[in-house]
There are 2 protein chains.
Amino acid sequence: MANEQDRMEKIVSLAKRRGFIFPSSEIYGGINGFWDYGPLGVELKRNIKDAWWHDIVRCPPLGPDGQHLQMVGLDCSIIMNPKVWEASGHVGGFNDPRVDCKVCNARYRQDEIDQMTAPERLGRAIDVVMTGMSAIQAIHQFSIEGEYLKKGLKLIEKRKLDFLAEPHYERCPQCGGELTEARQFNLMFKSHAGAMEDSASEVYLRPETAQGIFANYKNVLDTTRLKVPFGIAQIGKAFRNEINPRNYTFRSREFEQMEIEFFCEPKEADTWYEYWREARHKWYIGLGLKSSKLRLRNHEKNELAHYARACADIEYEFPFGISELEGVANRTDFDLKAHQEKSGRDMTYFDEDTKERFLPYVIEPSGGVDRALLAFLCEAFEEDEAPDEQGAPQKRTVLRFHPRLAPVKVAVFPLVKKDGMPEKARAIYEVCRAEMAAFYDEKGAVGRRYRRQDEAGTPFCVTVDGQTMKDGTVTVRDRDSMKQDRIPADGVVAYVRERLSRPSPAKAGPATARGGR
Amino acid sequence: MANEQDRMEKIVSLAKRRGFIFPSSEIYGGINGFWDYGPLGVELKRNIKDAWWHDIVRCPPLGPDGQHLQMVGLDCSIIMNPKVWEASGHVGGFNDPRVDCKVCNARYRQDEIDQMTAPERLGRAIDVVMTGMSAIQAIHQFSIEGEYLKKGLKLIEKRKLDFLAEPHYERCPQCGGELTEARQFNLMFKSHAGAMEDSASEVYLRPETAQGIFANYKNVLDTTRLKVPFGIAQIGKAFRNEINPRNYTFRSREFEQMEIEFFCEPKEADTWYEYWREARHKWYIGLGLKSSKLRLRNHEKNELAHYARACADIEYEFPFGISELEGVANRTDFDLKAHQEKSGRDMTYFDEDTKERFLPYVIEPSGGVDRALLAFLCEAFEEDEAPDEQGAPQKRTVLRFHPRLAPVKVAVFPLVKKDGMPEKARAIYEVCRAEMAAFYDEKGAVGRRYRRQDEAGTPFCVTVDGQTMKDGTVTVRDRDSMKQDRIPADGVVAYVRERLSRPSPAKAGPATARGGR
C-alpha cells in the first residue's frame with residue numbers, strides 16, 4: 001500500500017514534470033476538481049480519443065454473428081434545453097446526500113462517511129489540510145514528492161487517535177465537529193442562458209453526453225438509412241459538481257466521456273449487452289492494459305440503477321485502488337420512453353420487414369477519457385535499468401505506452417552535431433512529421449536523449465550516425481527492448497507505420513494477451 | 001440578395017436533411033444559440049480540427065526565414081479559477097451594452113440598434129417573430145424551405161412602413177415599444193463550483209480558450225525546452241451568452257475555437273504578425289475557400305481592442321454577408337503582464353544567449369471551428385447537372401469539399417446485388433475503412449448512389465462491376481469531374497491516399513489558387 005502510494009506520487013510527479021497534466025489555473029492556486037493537459041498530455045488524450053473513434057465509429061469490430069455493425073458519430077452541445085434533464089430524471093434525481101460540519105463547514109457525501117474505515121478517515125483528514133485539495137493534488141501542486149504528505153501527517157498527529165477510533169458517523173473527519181442531517185445536493189452545474197437570470201433561463205451543463213444522443217435519435221434515423229441494430233457514438237465534455245473531487249484526475253468536476261448508445265430489438269438486448277461488455281473489455285487490453293489489473297465486474301441486482309436491467313463495470317487496479325473505467329449497461333427503453341412522454345414526440349422504430357413498431361432497447365458502453373488516460377499512464381509507468389554511455393546499468397523511467405497511444409511516435413537524433421548529420425536527421429524528421437507526431441533532438445549525449453524519450457513514452461528513436469553518411473542506413477531503437485535495428489533511412493515511416501498498425505493481441509489472440517508490448 | 005438568401009436556405013435544408021447540423025434539443029423546441037452536429041457534420045468538424053492540428057502543431061509551415069517553428073498543444077479546462085477572468089479583464093469589461101423593450105421585453109445590443117439600416121430592422125423583425133429565434137434557425141427548425149419566411153413577412157406586413165421609416169433608435173424593432181437606457185451585460189456564463197451557491201464559489205465558462213494558454217505559459221516553459229519564438233495551440237469549446245444568437249451556427253452561444261498564442265521577442269512581433277496573417281489566410285485557401293470570397297482586412301487604428309497593437313480579420317463572404325472567420329492580433333505583452341500582476345508570479349522569459357529577461361509579445365491567430373465549418377459548407381455547396389441513367393442531364397446537388405475535409409473519403413458499391421459483386425465490394429470496403437472514413441452502399445441504381453454521395457461530399461466512389469470479376473479492376477469515379485478511372489481493386493487505398501495527401505495549391509502555388517478542386 002505504501003509502495004502503491006509511492007508509485008502514484010512518482011506518476012503524478014512525472015506527469016507534471018514532463019508536461020502531461022497540470023492543475024488548472026495553477027498560478028492562482030488552482031481550482032479544486034479541474035485539470036489541464038500539457039503538450040504531451042494533449043497528444044496522449046487525442047490518441048485515446050482517435051483510437052476509440054476509429055475502433056468504434058469508422059471501423060467497429062464485427063458483431064456476434066460476424067455481421068458488420070452500423071455505427072455513426074454525433075457531437076451535441078453541452079448546454080441543452082433543460083427539459084432534457086427533467087425527462088432524463090437528472091433534475092429530480094441526480095443528487096448526492098450531503099452532510100456538512102457545523103463547526104468547520106467541511107462538506108461530505110453521506111455514503112462516504114458511512115463507508116469510511118478508520119485508515120480512510122485518516123486519509124481524508126490528510127486530504128483536507130489544504131482546503132478542498134486532495135493529498136495527491138497537493139503533492140502535484142507543490143512538486144514536493146511526498147514531503148507534503150509527511151507534513152500533513154505531522155499536522156494531524158495530535159488528532160490521530162480520534163480518527164483511528166471506532167466509527168463516529170456524526171462527527172466531522174476533519175475537526176471532529178458535529179455534522180448536519182443529510183441533505184440532497186444536485187450534482188449538475190447550473191447557469192443561465194439569455195439576458196435574464198431567472199428560473200425561465202436556467203440551464204445545466206450536461207452531466208453526461210448520453211442524453212444528447214437520445215434527444216437526436218429521431219434526427220439520426222431520419223437523415224441516415226440506419227436500421228436496428230445500430231449505434232450512435234459521441235465524445236465530449238461533461239460536468240459534475242462533485243462534493244469531493246479526488247484521486248488526481250480520476251474524480252474531477254470537468255471530464256470527457258466517450259459514450260455509445262446501441263439501439264436494438266428488445267429481444268436481442270441481452271445478446272448485445274454481452275457483446276459490448278466483451279468488446280469494450282478487449283479494447284482496453286488491446287491498447288495495453290494488463291488483464292490481471294483489469295476486471296469485468298457484473299453489478300449485483302441491488303446495485304443496479306433504476307433504469308438498468310444489467311450493468312457491468314470495467315475496472316482497473318489503480319495505485320489508489322480498484323476503480324471504474326467504463327460502465328456497460330442495458331438501459332432498456334427507459335430513456336426513449338421518458339423523452340417520448342416528456343416531448344410528446346413519437347420515438348418508436350418501425351421495422352419495414354416485420355411491419356412491427358417498437359421502442360428499441362439501448363445498450364450503453366460509457367467510458368471516461370480522463371480515466372482511461374490515467375489508467376494507461378499508470379500502466380505504462382515503469383522503472384527499470386538501462387546501460388549508460390559506459391555500459392554501466394542506470395535506473396531509467398519509462399512509459400511503455402502502446403505505440404498507437406504514445407504522444408510522440410518517433411524521435412530523430414543526429415549522433416553528433418557535425419559532419420552533415422544534423423541536416424540528414426532534420427530531413428528524416430521532416431518526412432516523419434508529415435505523417436505522425438515526431439520530435440527532433442540534437443542536444444546532449446545520445447543516451448540522455450534516449451532517456452528523455454523513454455520518459456515521454458516514445459516507442460522509436462532513430463539515430464543518424466557515421467554509417468548513415470556512408471550507406472544511408474539509420475538505427476531504430478526500440479523503447480521496450482532497447483534493441484537497435486539498422487534500416488534504410490527512407491524506410492523509417494513505413495517501419496513505424498507497420499508497428500502502429502499491427503493488430504493488437506486482443507483482436508488477434510486471447511483476451512489475456514498483453515497489447516503491443 | 002434574394003438569391004443569396006435562397007442559397008442559404010438550401011444549404012441549411014441540406015445540412016438538416018443529410019445530418020450535418022441539427023438544432024440542439026429539437027424535440028423540446030430547441031434552445032436558442034445551440035447546435036448539434038449529426039453523423040456527417042461530426043466527421044466534417046473532426047476533419048477541420050485534425051487538419052488544423054496537423055498543419056499547426058504536428059507539421060507547421062516553415063517560418064519567415066525558412067526556420068522550423070516550435071509548436072506544442074494544450075488542452076485546458078473550460079472552468080478555471082475566476083481570478084483568470086479578473087486578470088484578463090473579462091469580469092470587468094466583457095460587456096455588451098444592452099437595451100430592453102419596455103413593452104415586449106425584447107432585448108438588443110445597443111450598437112446593433114444604432115447601426116441598423118431600415119432593411120436590417122425589417123430583417124430583425126422577421127427574426128423575432130419566433131421568440132429569440134433567427135429566421136434561418138426557424139426555417140431549419142421547421143424544415144419548411146422558406147415558407148416560414150413568407151409567413152413572417154406577412155405577419156409584419158402591417159408594420160412594415162414603420163420599420164422602413166427613418167431610424168428611431170429609442171423604439172423596439174419588434175413592436176415599436178419604448179426602449180430602456182443602455183445597460184451593461186456581461187457575456188460570460190456564470191455557475192457555481194462546490195456545494196454552496198455564493199459569490200465565493202462563482203465560476204465562469206471560458207469565453208475564449210486563449211487565457212488557458214497564458215495561465216499555463218510558465219508550465220509549458222518549465223516542462224519543455226522551448227525557446228522563443230514558440231507557439232502554444234489549443235482547440236476547445238468556449239461560451240458567450242450572446243444576446244441575439246443569429247446567422248445559423250455563425251453566432252452561437254456555445255462554439256469551438258482553434259487558437260494559437262505565439263510568443264516572441266517584442267522587436268520581432270511585427271514580423272511574426274505579418275507571418276501568421278499570411279499563413280492563416282493561406283490555410284483557408286488551401287482547404288478550398290475561394291480567394292475571391294476570402295478577405296484579409298486590417299483593422300483601423302480606432303477599431304483595435306485595447307490590448308492589441310495590430311489586428312487583421314480573415315473574412316468570408318457568406319450568403320448572409322461578409323463575416324469574420326478568424327482574427328490575427330498582436331496582443332503585445334498585455335496578457336502576460338496582467339497575469340503577472342494579478343498572480344504575483346514572474347512571467348518573464350530569460351534568454352540564455354543574450355542574458356536578457358523580458359516579457360514576450362504574443363501574436364494570436366484565433367479561429368472559430370463552427371465558422372470555418374460553415375464557410376467550407378457554403379463554399380462547397382453547388383448545383384450543377386449530371387447525366388441520369390439514360391444519359392439525360394439532371395440537376396444534382398454536390399458538396400465540393402476538399403478531400404481532406406470530406407466526411408466520407410470513399411464509397412464502395414457493387415454494380416448489382418449478384419454475381420459475387422457485393423462480396424467483392426464488401427472486401428474492398430473492409431480494407432478502405434481500416435484506413436479512412438468509408439461507406440458501403442448496395443441499394444438502388446448506381447446513378448442514385450452517386451447522387452447521394454455527391455450530396456454528402458464524398459470525393460471518390462468505387463464501383464465493382466462485371467469486369468472486376470474478370471480482371472480485378474474497379475472504377476473510381478471523381479465527384480467533381482464525374483470522370484471514371486479504372487484501377488486495380490487492391491490499389492484503391494493508395495489511390496485515395498495519394499489524392500488526400502496532395503499538397504494543396506495554396507502551399508504549392510500562388511495564394512489565389514483554388515485548393516483541391
# chains A, B, ... in the order shown; residues from 1 in each chain; ligands from 1
call {"tool": "interface_residues", "arguments": {"of": "chain A", "to": "chain B", "cutoff": "6 Å", "atoms": "only C-alpha atoms", "output": "list of chain:residue names"}}
result
A:Arg17, A:Arg18, A:Gly19, A:Ser25, A:Tyr28, A:Ile31, A:Asp36, A:Tyr37, A:Gly38, A:Pro39, A:Val42, A:Arg58, A:Cys59, A:Val72, A:Gly73, A:Leu74, A:Asp75, A:Cys76, A:Ser77, A:Met80, A:Asn81, A:Lys190, A:Ser191, A:Thr223, A:Ser343, A:Arg433, A:Ala434, A:Ala437
call {"tool": "write_last_selection", "arguments": {"atoms": "N, CA and C atoms", "output": "PDB file, in the first residue's frame"}}
result
ATOM      1  N   ARG A  17       6.130  17.071 -14.363  1.00  0.00           N
ATOM      2  CA  ARG A  17       7.462  17.467 -14.817  1.00  0.00           C
ATOM      3  C   ARG A  17       7.623  17.393 -16.327  1.00  0.00           C
ATOM      4  N   ARG A  18       6.965  16.406 -16.949  1.00  0.00           N
ATOM      5  CA  ARG A  18       7.114  16.233 -18.380  1.00  0.00           C
ATOM      6  C   ARG A  18       5.959  16.848 -19.186  1.00  0.00           C
ATOM      7  N   GLY A  19       5.044  17.502 -18.502  1.00  0.00           N
ATOM      8  CA  GLY A  19       4.001  18.216 -19.255  1.00  0.00           C
ATOM      9  C   GLY A  19       2.857  17.341 -19.736  1.00  0.00           C
ATOM     10  N   SER A  25      -5.333  26.458 -13.710  1.00  0.00           N
ATOM     11  CA  SER A  25      -5.165  27.791 -13.091  1.00  0.00           C
ATOM     12  C   SER A  25      -4.166  27.763 -11.957  1.00  0.00           C
ATOM     13  N   TYR A  28      -2.954  30.759  -9.956  1.00  0.00           N
ATOM     14  CA  TYR A  28      -3.882  31.359  -8.993  1.00  0.00           C
ATOM     15  C   TYR A  28      -4.234  30.380  -7.870  1.00  0.00           C
ATOM     16  N   ILE A  31      -7.798  25.229  -8.888  1.00  0.00           N
ATOM     17  CA  ILE A  31      -9.241  25.203  -8.632  1.00  0.00           C
ATOM     18  C   ILE A  31      -9.610  23.746  -8.465  1.00  0.00           C
ATOM     19  N   ASP A  36      -5.606  20.479 -16.382  1.00  0.00           N
ATOM     20  CA  ASP A  36      -5.246  20.800 -17.769  1.00  0.00           C
ATOM     21  C   ASP A  36      -4.284  19.743 -18.307  1.00  0.00           C
ATOM     22  N   TYR A  37      -4.321  19.528 -19.598  1.00  0.00           N
ATOM     23  CA  TYR A  37      -3.383  18.610 -20.230  1.00  0.00           C
ATOM     24  C   TYR A  37      -2.310  19.407 -20.963  1.00  0.00           C
ATOM     25  N   GLY A  38      -1.053  19.111 -20.642  1.00  0.00           N
ATOM     26  CA  GLY A  38       0.079  19.816 -21.244  1.00  0.00           C
ATOM     27  C   GLY A  38       0.444  19.241 -22.612  1.00  0.00           C
ATOM     28  N   PRO A  39       1.586  19.696 -23.167  1.00  0.00           N
ATOM     29  CA  PRO A  39       1.965  19.303 -24.530  1.00  0.00           C
ATOM     30  C   PRO A  39       1.969  17.785 -24.773  1.00  0.00           C
ATOM     31  N   VAL A  42      -1.906  16.344 -24.016  1.00  0.00           N
ATOM     32  CA  VAL A  42      -2.933  16.601 -25.026  1.00  0.00           C
ATOM     33  C   VAL A  42      -2.789  15.619 -26.191  1.00  0.00           C
ATOM     34  N   ARG A  58     -15.518   4.404 -37.133  1.00  0.00           N
ATOM     35  CA  ARG A  58     -15.082   4.233 -38.521  1.00  0.00           C
ATOM     36  C   ARG A  58     -14.822   2.782 -38.882  1.00  0.00           C
ATOM     37  N   CYS A  59     -14.371   2.011 -37.916  1.00  0.00           N
ATOM     38  CA  CYS A  59     -14.006   0.624 -38.222  1.00  0.00           C
ATOM     39  C   CYS A  59     -14.336  -0.269 -37.027  1.00  0.00           C
ATOM     40  N   VAL A  72     -22.548   5.368 -36.211  1.00  0.00           N
ATOM     41  CA  VAL A  72     -22.335   6.750 -36.659  1.00  0.00           C
ATOM     42  C   VAL A  72     -21.961   7.604 -35.451  1.00  0.00           C
ATOM     43  N   GLY A  73     -21.392   8.774 -35.741  1.00  0.00           N
ATOM     44  CA  GLY A  73     -20.995   9.689 -34.676  1.00  0.00           C
ATOM     45  C   GLY A  73     -21.966  10.834 -34.522  1.00  0.00           C
ATOM     46  N   LEU A  74     -21.764  11.609 -33.465  1.00  0.00           N
ATOM     47  CA  LEU A  74     -22.619  12.751 -33.157  1.00  0.00           C
ATOM     48  C   LEU A  74     -21.788  13.688 -32.279  1.00  0.00           C
ATOM     49  N   ASP A  75     -22.102  14.988 -32.327  1.00  0.00           N
ATOM     50  CA  ASP A  75     -21.406  15.945 -31.468  1.00  0.00           C
ATOM     51  C   ASP A  75     -22.417  16.983 -31.008  1.00  0.00           C
ATOM     52  N   CYS A  76     -22.936  16.805 -29.808  1.00  0.00           N
ATOM     53  CA  CYS A  76     -24.027  17.653 -29.307  1.00  0.00           C
ATOM     54  C   CYS A  76     -23.488  18.765 -28.418  1.00  0.00           C
ATOM     55  N   SER A  77     -24.321  19.766 -28.227  1.00  0.00           N
ATOM     56  CA  SER A  77     -23.925  20.890 -27.383  1.00  0.00           C
ATOM     57  C   SER A  77     -23.925  20.470 -25.906  1.00  0.00           C
ATOM     58  N   MET A  80     -28.075  22.155 -23.167  1.00  0.00           N
ATOM     59  CA  MET A  80     -29.265  21.749 -23.936  1.00  0.00           C
ATOM     60  C   MET A  80     -30.500  22.355 -23.274  1.00  0.00           C
ATOM     61  N   ASN A  81     -31.615  22.190 -23.942  1.00  0.00           N
ATOM     62  CA  ASN A  81     -32.874  22.624 -23.340  1.00  0.00           C
ATOM     63  C   ASN A  81     -33.052  21.884 -21.999  1.00  0.00           C
ATOM     64  N   LYS A 190     -25.306  24.583 -12.723  1.00  0.00           N
ATOM     65  CA  LYS A 190     -26.388  25.419 -13.253  1.00  0.00           C
ATOM     66  C   LYS A 190     -25.833  26.714 -13.837  1.00  0.00           C
ATOM     67  N   SER A 191     -26.526  27.238 -14.849  1.00  0.00           N
ATOM     68  CA  SER A 191     -26.189  28.565 -15.341  1.00  0.00           C
ATOM     69  C   SER A 191     -27.452  29.194 -15.908  1.00  0.00           C
ATOM     70  N   THR A 223     -32.191  10.965 -41.065  1.00  0.00           N
ATOM     71  CA  THR A 223     -31.218  11.501 -42.020  1.00  0.00           C
ATOM     72  C   THR A 223     -30.226  10.443 -42.502  1.00  0.00           C
ATOM     73  N   SER A 343     -41.612  14.890 -24.333  1.00  0.00           N
ATOM     74  CA  SER A 343     -41.618  15.754 -25.522  1.00  0.00           C
ATOM     75  C   SER A 343     -42.879  15.597 -26.354  1.00  0.00           C
ATOM     76  N   ARG A 433       7.354  13.846 -39.676  1.00  0.00           N
ATOM     77  CA  ARG A 433       6.329  14.668 -39.033  1.00  0.00           C
ATOM     78  C   ARG A 433       5.169  14.991 -39.962  1.00  0.00           C
ATOM     79  N   ALA A 434       5.368  14.815 -41.266  1.00  0.00           N
ATOM     80  CA  ALA A 434       4.238  14.991 -42.179  1.00  0.00           C
ATOM     81  C   ALA A 434       3.212  13.874 -41.971  1.00  0.00           C
ATOM     82  N   ALA A 437       3.229  12.249 -35.256  1.00  0.00           N
ATOM     83  CA  ALA A 437       3.867  13.122 -34.273  1.00  0.00           C
ATOM     84  C   ALA A 437       5.326  12.718 -34.130  1.00  0.00           C
TER      85      ALA A 437
END
call {"tool": "select_by_dssp", "arguments": {"residues": "region 322-514 of chain A", "states": "strand (DSSP E or B)", "output": "PyMOL selection string"}}
result
chain A and resi 322-332+349-351+356-358+361-368+381-387+393-399+410-414+438-440+460-464+473-478+484-488
call {"tool": "residues_around", "arguments": {"residues": "region 485-493 of chain A", "least_positions_apart": "3", "cutoff": "9 Å", "atoms": "only C-alpha atoms", "output": "tab-separated table (two decimals) with C-alpha atoms, in the first residue's frame"}}
result
chain	number	residue	atom	x	y	z
A	428	ILE	CA	14.26	12.42	-41.95
A	431	VAL	CA	9.39	13.26	-43.68
A	432	CYS	CA	8.23	11.68	-40.41
A	435	GLU	CA	2.82	11.57	-41.26
A	436	MET	CA	2.90	11.31	-37.47
A	462	VAL	CA	16.03	6.99	-35.00
A	464	VAL	CA	21.75	9.27	-37.82
A	468	THR	CA	24.31	6.77	-42.30
A	471	ASP	CA	25.37	3.75	-46.67
A	472	GLY	CA	22.13	5.64	-45.98
A	473	THR	CA	21.03	3.42	-43.10
A	474	VAL	CA	19.95	4.58	-39.65
A	475	THR	CA	19.43	2.84	-36.32
A	476	VAL	CA	15.93	2.45	-34.92
A	477	ARG	CA	15.99	1.87	-31.18
A	478	ASP	CA	13.03	0.17	-29.55
A	496	VAL	CA	6.90	2.93	-37.74
A	497	ARG	CA	3.62	2.76	-39.61
A	498	GLU	CA	3.79	-1.01	-39.71
call {"tool": "residues_around", "arguments": {"residues": "region 263-280 of chain B", "least_positions_apart": "5", "cutoff": "7 Å", "atoms": "only C-alpha atoms", "output": "list in words"}}
result
Pro64, Val228, Pro229, Phe230, Gly231, Val328, Asn330, Pro360, Tyr361, Val362, Ile363 and Pro365 of chain B
call {"tool": "residues_around", "arguments": {"residues": "Gly327 (chain B)", "least_positions_apart": "6", "cutoff": "8 Å", "atoms": "only C-alpha atoms", "output": "list in words"}}
result
Cys311, Ala312, Asp313, Ile314, Glu364, Pro365, Ser366 and Gly367 of chain B
call {"tool": "residues_around", "arguments": {"residues": "Ala386 (chain B)", "least_positions_apart": "5", "cutoff": "7 Å", "atoms": "only C-alpha atoms", "output": "MDAnalysis selection string"}}
result
chainID B and resid 393:396
call {"tool": "write_last_selection", "arguments": {"atoms": "N, CA and C atoms", "output": "compact mmCIF listing (two decimals), in the first residue's frame"}}
result
# COMPACT_ATOMS: atom_id res chain seq x y z
N PRO B 393 -29.41 15.02 -68.99
CA PRO B 393 -28.94 15.85 -67.90
C PRO B 393 -29.98 16.06 -66.81
N GLN B 394 -29.56 15.87 -65.59
CA GLN B 394 -30.42 16.05 -64.43
C GLN B 394 -29.72 16.99 -63.45
N LYS B 395 -30.52 17.76 -62.73
CA LYS B 395 -29.94 18.64 -61.72
C LYS B 395 -29.31 17.78 -60.61
N ARG B 396 -28.14 18.17 -60.15
CA ARG B 396 -27.61 17.47 -58.98
C ARG B 396 -27.11 18.50 -57.97
call {"tool": "select_by_dssp", "arguments": {"residues": "region 380-492 of chain A", "states": "helix (DSSP H, G or I)", "output": "MDAnalysis selection string"}}
result
chainID A and resid 380 421:433 446:456 466:471 489:492
call {"tool": "write_last_selection", "arguments": {"atoms": "N, CA, C and O atoms", "output": "short mmCIF file (atom, residue, chain, number, x, y, z; two decimals), in the first residue's frame"}}
result
data_model
loop_
_atom_site.label_atom_id
_atom_site.label_comp_id
_atom_site.auth_asym_id
_atom_site.auth_seq_id
_atom_site.Cartn_x
_atom_site.Cartn_y
_atom_site.Cartn_z
N ALA A 380 1.56 2.26 -17.92
CA ALA A 380 2.77 2.44 -18.73
C ALA A 380 3.99 2.73 -17.88
O ALA A 380 5.12 2.44 -18.28
N MET A 421 25.37 15.34 -40.20
CA MET A 421 24.37 14.52 -39.52
C MET A 421 23.11 15.31 -39.14
O MET A 421 21.99 14.81 -39.33
N PRO A 422 23.26 16.53 -38.58
CA PRO A 422 22.04 17.27 -38.24
C PRO A 422 21.15 17.51 -39.47
O PRO A 422 19.92 17.37 -39.40
N GLU A 423 21.76 17.84 -40.60
CA GLU A 423 20.98 18.11 -41.82
C GLU A 423 20.23 16.84 -42.25
O GLU A 423 19.05 16.89 -42.61
N LYS A 424 20.94 15.72 -42.21
CA LYS A 424 20.33 14.45 -42.62
C LYS A 424 19.19 14.08 -41.66
O LYS A 424 18.10 13.67 -42.08
N ALA A 425 19.45 14.25 -40.36
CA ALA A 425 18.43 13.91 -39.36
C ALA A 425 17.20 14.82 -39.51
O ALA A 425 16.06 14.37 -39.42
N ARG A 426 17.46 16.09 -39.75
CA ARG A 426 16.37 17.05 -40.00
C ARG A 426 15.50 16.61 -41.18
O ARG A 426 14.28 16.70 -41.14
N ALA A 427 16.17 16.14 -42.21
CA ALA A 427 15.43 15.73 -43.42
C ALA A 427 14.54 14.53 -43.11
O ALA A 427 13.39 14.46 -43.55
N ILE A 428 15.07 13.59 -42.33
CA ILE A 428 14.26 12.42 -41.95
C ILE A 428 13.10 12.86 -41.06
O ILE A 428 11.96 12.42 -41.23
N TYR A 429 13.39 13.75 -40.13
CA TYR A 429 12.35 14.29 -39.24
C TYR A 429 11.24 14.96 -40.05
O TYR A 429 10.05 14.76 -39.78
N GLU A 430 11.63 15.70 -41.07
CA GLU A 430 10.64 16.38 -41.93
C GLU A 430 9.66 15.37 -42.54
O GLU A 430 8.46 15.60 -42.58
N VAL A 431 10.22 14.28 -43.05
CA VAL A 431 9.39 13.26 -43.68
C VAL A 431 8.46 12.61 -42.63
O VAL A 431 7.28 12.40 -42.87
N CYS A 432 9.02 12.33 -41.47
CA CYS A 432 8.23 11.68 -40.41
C CYS A 432 7.08 12.57 -39.94
O CYS A 432 5.94 12.11 -39.80
N ARG A 433 7.35 13.85 -39.68
CA ARG A 433 6.33 14.67 -39.03
C ARG A 433 5.17 14.99 -39.96
O ARG A 433 4.10 15.38 -39.50
N VAL A 446 23.65 10.96 -26.66
CA VAL A 446 22.54 10.19 -27.20
C VAL A 446 21.82 9.40 -26.10
O VAL A 446 20.59 9.32 -26.08
N GLY A 447 22.60 8.87 -25.15
CA GLY A 447 21.98 8.12 -24.05
C GLY A 447 20.97 8.98 -23.29
O GLY A 447 19.88 8.52 -22.95
N ARG A 448 21.32 10.22 -23.04
CA ARG A 448 20.40 11.11 -22.33
C ARG A 448 19.17 11.42 -23.18
O ARG A 448 18.06 11.58 -22.67
N ARG A 449 19.40 11.53 -24.47
CA ARG A 449 18.24 11.79 -25.36
C ARG A 449 17.30 10.58 -25.35
O ARG A 449 16.09 10.74 -25.35
N TYR A 450 17.87 9.38 -25.34
CA TYR A 450 17.02 8.17 -25.22
C TYR A 450 16.20 8.22 -23.94
O TYR A 450 15.00 7.96 -23.93
N ARG A 451 16.88 8.57 -22.82
CA ARG A 451 16.18 8.61 -21.52
C ARG A 451 15.00 9.57 -21.56
O ARG A 451 13.94 9.29 -21.04
N ARG A 452 15.23 10.74 -22.20
CA ARG A 452 14.15 11.72 -22.25
C ARG A 452 12.95 11.18 -23.04
O ARG A 452 11.81 11.41 -22.69
N GLN A 453 13.27 10.46 -24.12
CA GLN A 453 12.17 9.90 -24.92
C GLN A 453 11.50 8.74 -24.18
O GLN A 453 10.30 8.53 -24.31
N ASP A 454 12.28 7.97 -23.41
CA ASP A 454 11.69 6.88 -22.62
C ASP A 454 10.65 7.45 -21.65
O ASP A 454 9.57 6.91 -21.48
N GLU A 455 11.01 8.55 -21.02
CA GLU A 455 10.10 9.20 -20.07
C GLU A 455 8.85 9.74 -20.74
O GLU A 455 7.80 9.88 -20.11
N ALA A 456 8.97 10.11 -22.02
CA ALA A 456 7.82 10.62 -22.75
C ALA A 456 7.01 9.49 -23.37
O ALA A 456 5.90 9.70 -23.86
N GLY A 466 27.64 7.97 -38.27
CA GLY A 466 28.64 7.98 -39.33
C GLY A 466 28.29 7.05 -40.47
O GLY A 466 28.45 7.38 -41.65
N GLN A 467 27.75 5.89 -40.11
CA GLN A 467 27.42 4.91 -41.15
C GLN A 467 26.31 5.40 -42.06
O GLN A 467 26.29 5.09 -43.25
N THR A 468 25.39 6.20 -41.49
CA THR A 468 24.31 6.77 -42.30
C THR A 468 24.88 7.54 -43.48
O THR A 468 24.38 7.46 -44.60
N MET A 469 25.94 8.31 -43.18
CA MET A 469 26.50 9.17 -44.21
C MET A 469 27.18 8.33 -45.31
O MET A 469 27.36 8.80 -46.42
N LYS A 470 27.55 7.08 -44.95
CA LYS A 470 28.18 6.20 -45.96
C LYS A 470 27.15 5.39 -46.73
O LYS A 470 27.16 5.35 -47.95
N ASP A 471 26.25 4.70 -45.98
CA ASP A 471 25.37 3.75 -46.67
C ASP A 471 23.88 4.08 -46.58
O ASP A 471 23.04 3.29 -47.01
N ALA A 489 17.29 4.74 -44.33
CA ALA A 489 16.73 6.00 -43.84
C ALA A 489 15.38 6.28 -44.48
O ALA A 489 14.48 6.84 -43.84
N ASP A 490 15.23 5.88 -45.74
CA ASP A 490 13.95 6.20 -46.38
C ASP A 490 12.86 5.19 -46.03
O ASP A 490 11.74 5.26 -46.55
N GLY A 491 13.18 4.25 -45.14
CA GLY A 491 12.17 3.27 -44.72
C GLY A 491 11.61 3.54 -43.33
O GLY A 491 10.83 2.73 -42.81
N VAL A 492 11.97 4.68 -42.74
CA VAL A 492 11.58 4.94 -41.34
C VAL A 492 10.06 5.03 -41.19
O VAL A 492 9.47 4.39 -40.31
#
call {"tool": "residues_around", "arguments": {"residues": "Arg7 (chain B)", "least_positions_apart": "2", "cutoff": "12 Å", "atoms": "only C-alpha atoms", "output": "MDAnalysis selection string"}}
result
chainID B and resid 1:5 9:14 136 145:146 318:320 377:383 397
call {"tool": "atom_distance", "arguments": {"atom1": "CA of Tyr316 (chain B)", "atom2": "CA of Asn247 (chain B)"}}
result
13.5 Å
call {"tool": "atom_distance", "arguments": {"atom1": "CA of Asp65 (chain A)", "atom2": "CA of Leu287 (chain A)"}}
result
24.1 Å
call {"tool": "closest_residue", "arguments": {"among": "B:Asp333, B:Glu300, B:Leu69, B:Glu178", "to": "Lys227 (chain B)", "atoms": "only C-alpha atoms"}}
result
B:Leu69
call {"tool": "closest_residue", "arguments": {"among": "B:Leu405, B:Ala372, B:Ala411, B:Met347", "to": "Asn47 (chain B)", "atoms": "only C-alpha atoms"}}
result
B:Leu405
call {"tool": "atom_distance", "arguments": {"atom1": "CA of Leu374 (chain B)", "atom2": "CA of Leu500 (chain B)"}}
result
21.3 Å
call {"tool": "decode", "arguments": {"residues": "region 219-230 of chain A", "atoms": "C-alpha atoms", "output": "PDB file, in the first residue's frame"}}
result
ATOM      1  CA  ASN A 219     -32.936  13.022 -36.307  1.00  0.00           C
ATOM      2  CA  VAL A 220     -30.308  10.371 -36.915  1.00  0.00           C
ATOM      3  CA  LEU A 221     -32.923   7.839 -38.021  1.00  0.00           C
ATOM      4  CA  ASP A 222     -34.472  10.401 -40.392  1.00  0.00           C
ATOM      5  CA  THR A 223     -31.218  11.501 -42.020  1.00  0.00           C
ATOM      6  CA  THR A 224     -29.479   8.155 -42.451  1.00  0.00           C
ATOM      7  CA  ARG A 225     -30.788   4.828 -43.646  1.00  0.00           C
ATOM      8  CA  LEU A 226     -29.873   3.019 -40.462  1.00  0.00           C
ATOM      9  CA  LYS A 227     -31.894   0.035 -39.298  1.00  0.00           C
ATOM     10  CA  VAL A 228     -31.727  -1.517 -35.855  1.00  0.00           C
ATOM     11  CA  PRO A 229     -29.369  -2.671 -34.559  1.00  0.00           C
ATOM     12  CA  PHE A 230     -27.184   0.427 -34.869  1.00  0.00           C
TER      13      PHE A 230
END
